[in-house]
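Engineer: Quick one: structure below, then a few questions.
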Amino acid sequence: MVAHRISADGDGRGLVFAYYITGHGFGHATRVVDVVRHLVEAGHDVHVVTAAPEFVFTTDIQSPNLYIRKVLLDSGAVQTDALTVDRLASLEKYLETAVVPRASILATEVEWLKSIKADLVISDVVPVACRAAADAGIRSVCVTNFSWDFIYAEYVMAAGNHLRSIVLQIAEDYSHCEFLLRLPGYCPMPAFRDVIDVPLVVRRLHKSRLEVCGASDKQVLPPNFIKLAKDAYTPDLIAASDCMLGKIGYGTFSEALAYKLPFVFVRRDYFNEEHFLRNMLEYYQGGVEMIRRDLLTGHWKPYLERALTLSPCYDGGVNGGELSGARRLRDAIILGYQLQRSPGRDISIPDWYTQAENELGLRSESCHSGVNGDTSFVGSCIANFEILHGELHGLSDTLAFLKSLSALDCGSGSGKNTGKRQLREQSAAAALFNWEEDIFVARAPGRLDVMGGIADYSGSLVLQVSFGSELSNRAPTFDMDLSDFLDGDQPISYEKAYRYFAQDQSQKWAAYVAGTILVLMTELGVHVTDSICILVSSAVPEGKGVSSSAAVEVATMQAVAASLGLEISPRDLALLCQKVENHIVGAPCGVMDQMTSACGEANKLLAMVCQLCVLYSVGGGDYGSVRVGAFMGRKMIKAEATALLKVACADATQQVDEINPEYEEFGVELLKREASLEYLCNLSTHRYQAAYMKKLPDGIPGEQFLKEYGDHNDKVTIIDPKHNYGVKAATKHPIYENFRVETFKALLTAATTDEQLSTLGELMYQCHYSYSDCGLGSDGTDRLVKIVQEMQLRKSSHDGRSSLFGAKITGGGSGGTVSVIGRNSLRSSEEIFELQQRYKAATGYLPLIFEGSSPGAGKFGYLKIRRRQFP
């Protein structure tokens with residue numbers, strides 16, 4: 001550490017630093033503290049420009065050389081809750097804070113910098129500070145691990161390109177600084193010309209572990225709880241702990257690494273800095289990811305136990321505050337700076353960074369752009385493997401997955417990169433595979449329910465589209481002995497398998513994957529003699545009504561079947577996967593989910609008539625009740641048709657005429673078909689309305705139905721005698737929905753006109769409100785559909801041309817996703833963005849947009865790959 005005054009002109013005068021701190025969280029302020037402390041101790045004056053509370057600085061620095069100026073010049077990221085960033089609100093807040101008042105900000109800051117006679121401006125990482133320094137004729141330096149142009153660029157992609165100017169302005173502001181002092185855990189920061197890497201910036205400790213820990217004598221606490229003083233110093237607490245639990249920010253990340261403290265963390269949504277911090281943490285074997293649901297429900301024990309088995313091994317420097325504060329910042333003023341690197345060579349990039357970059361897909365676009373039969377280019381993306389069977393189909397997610405496999409192979413102990421530390425999970429995954437054997441890769445997309453939805457179990461025609469998304473969704477690892485699937489030499493029952501996976505909620509997800517093997521054993525008589533190692537990467541978001549479970553099941557079974565030499569048609573593959581979710585997972589699903597994932601084609605709607613030998617529904621209390629109501633309605637219609645048939649057979653002419661004169665000749669045959677009705681959707685809407693609608697009650701108690709009708713003849717659901725089931729709405733929906741879908745399908749073949757689009761939209765609206773009549777849906781999806789209606793009416797009234805024509809809830813009806821129909825035009829994209837803004841203004845939440853399409857598992861087939869043999 002430099003302990004004497006450092007002068008620019010040799011007269012012993014200390015320097016004046018203006019240190020700007022971004023307004024996002026405490027992490028920036030806490031790391032600035034250590035840099036400022038070293039500057040102050042070296043005899044310099046530091047003016048901190050911040051919105052953070054003063055105690056953050058004064059707790060560790062008591063000096064007349066420290067000045068605090070409370071100003072907020074950028075807002076960072078706005079969070080809807082502790083774990084979710086609101087991307088649109090973040091951009092709007094930055095517009096309000098830094099863009100609209102930009103001219104006055106620059107004028108004020110230039111005048112202030114000149115008034116304090118600043119020698120250097122330091123930014124962490126306020127963009128406008130760099131431009132203000134340039135306008136004032138003062139050099140500037142940034143000290144950070146990420147920059148806002150990188151963070152906001154992803155937000156703009158989601159919110160709309162009309163906000164792209166924000167990112168360009170930020171990058172231009174950063175370009176005025178001399179160089180970047182880059183902290184560990186860094187993100188891509190292309191706006192900076194020159195870079196110096198410095199060690200971790202970590203606040204110094206004040207007390208030992210024994211001094212920190214101590215319970216209050218006056219308060220009785222639960223076992224293992226310790227009460228700490230209000231003025232407890234966070235770094236002391238971290239260093240005194242055996243492990244830490246929470247979300248990752250730079251402050252907790254750096255101190256966990258520095259003190260070799262295992263860190264149990266939960267992911268945040270839409271804050272990309274986290275990917276890089278997390279990957280570095282795991283690279284040094286210090287991180288355990290916790291599922292958000294388990295955090296909220298208090299299911300912490302297995303994660304904490306796992307954390308305590310880790311031995312974090314970070315051995316890098318922790319004196320970044322000293323180097324940044326007293327050496328490099330001085331160099332920027334006194335000595336100048338030239339980046340020390342060989343011509344034509346980039347700065348060395350550590351392994352943890354590349355893995356984080358790959359996870360975000362930052363390089364997938366470049367790979368995707370060259371996949372058109374160019375084997376040399378493909379080879380550069382997956383250099384370690386040759387493709388023995390199958391095609392990439394130009395899919396960037398498949399390339400990214402193969403690159404991940406290549407990275408695993410590089411670290412598998414095969415001779416390359418031996419001795420390098422690897423991510424815990426990558427090390428475990430690498431150890432799964434025998435890299436000398438063939439590897440089989442399969443892929444399946446999620447699905448969007450355009451029309452048909454909950455009518456599938458009643459035999460309706462449904463229209464579905466398969467698609468892929470870019471959201472990341474990783475689950476914990478799982479392993480089991482294949483003998484657990486055997487009872488003697490026979491497969492165990494599905495009921496026993498269900499109990500096996502249900503015994504540990506944190507591992508229940510594995511039923512979707514491992515369950516495919518048991519179904520193949522049970523249904524096809526497959527004998528598995530060797531171990532099976534499966535690596536799953538899913539980019540389909542969970543719980544959003546787009547069938548992430550079907551995607552995982554179909555892709556897994558396709559890969560397992562290929563590895564066993566089985567040829568299974570896409571249709572049969574879907575039916576087998578349906579058994580996995582229904583019997584082993586215990587959450588029955590509609591046949592359309594697996595069928596779409598297996599049989600879908602890119603940029604096409606898949607039309608299916610869901611009348612197979614066995615059909616199941618998705619799980620969920622409300623959905624299950626609606627299904628029971630529909631099957632009750634079918635039983636009542638059959639009973640009424642049977643009664644009418646008896647009368648008709650006794651006096652065919654007279655009685656059938658009374659029923660419906662239109663069916664004089666065929667009345668008896670018609671009633672016979674309706675008396676043996678297998679699917680509600682085989683009943684026409686006019687027959688339902690003419691003969692049966694008035695006979696159905698709005699609802700009926702389960703006990704009464706069982707007494708009068710015996711059973712509802714559904715193999716999946718069980719009637720609760722104490723529950724009151726809605727019958728009329730649940731019965732009417734699939735009958736009319738099948739008609740709507742048939743009409744929708746016919747209209748799609750017509751010429752594209754406003755009338756065609758309006759009618760398609762009207763059918764979607766009708767479907768949505770039919771869901772509501774059944775008691776399904778949610779306030780959020782209802783609000784989205786209502787906003788679409790309002791926008792459509794307003795646009796039509798204004799100039800007679802609307803770009804959006806209809807919307808409906810998608811999936812099982814429990815809320816989450818809405819499908820919208822509109823023109824394929826820039827105007828519709830603008831209206832979708834307006835829809836986002838209006839929903840956000842009304843609820844405080846920014847809805848996520850899914851768009852795109854991709855082939856199903858059947859079209860993709862499978863890849864058979866083998867590791868290349870290098871001399």
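Every chain in the structure tokens has a letter given in the order shown (A, B, ...), and although residue numbers restart at 1 in each chain, ligands are simply numbered from 1 in the order shown.
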Set the distance at 12 Å and use only C-alpha atoms: which residues neighbour Leu168 in chain A once local chain neighbours fewer than 2 positions away are removed? I'd like the list as a count of residues only.

Structural biologist: 22

Engineer: Contacts of range 685-699 of chain A at 9 Å or less, counting only C-alpha atoms, minus same-chain residues fewer than 6 places along, as a list in words?

Structural biologist: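 Final neighbour list, sorted by chain and number: Gly629, Gly633, Met636, Ile637, Glu640, Ala641, Ile659, Asn660, Asn724, Tyr725, Gly726, Val727, Lys728, Ala729, Thr731, Lys732, Ile735, Tyr736 and Phe739 of chain A.
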
Engineer: Write out as a tab-separated table a residue-level contact list of range 709-780 of chain A versus range 575-585 of chain A with cut-off 12 Å: for each qualifying residue the closest pair of atoms and the distance in Å to one decimal, counting only C-alpha atoms, rows sorted by chain and residue number upward.

Structural biologist:
```
residue	atom	partner	partner_atom	distance
A:Lys715	CA	A:Asn582	CA	11.1
A:Val716	CA	A:Asn582	CA	8.5
A:Thr717	CA	A:Asn582	CA	11.2
```

Engineer: Find the spatial neighbours of Tyr839 in chain A, counting only C-alpha atoms, within a cut-off of 10 Å - ignore same-chain residues fewer than 5 positions away - and output them as a VMD selection string.

Structural biologist: chain A and resid 780 783 to 784 787 833 to 834 844 to 847

Engineer: CA of Leu91 in chain A and CA of Gly23 in chain A, how far apart in Å?

Structural biologist: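 Separation of CA of Gly23 in chain A and CA of Leu91 in chain A: 13.6 Å.
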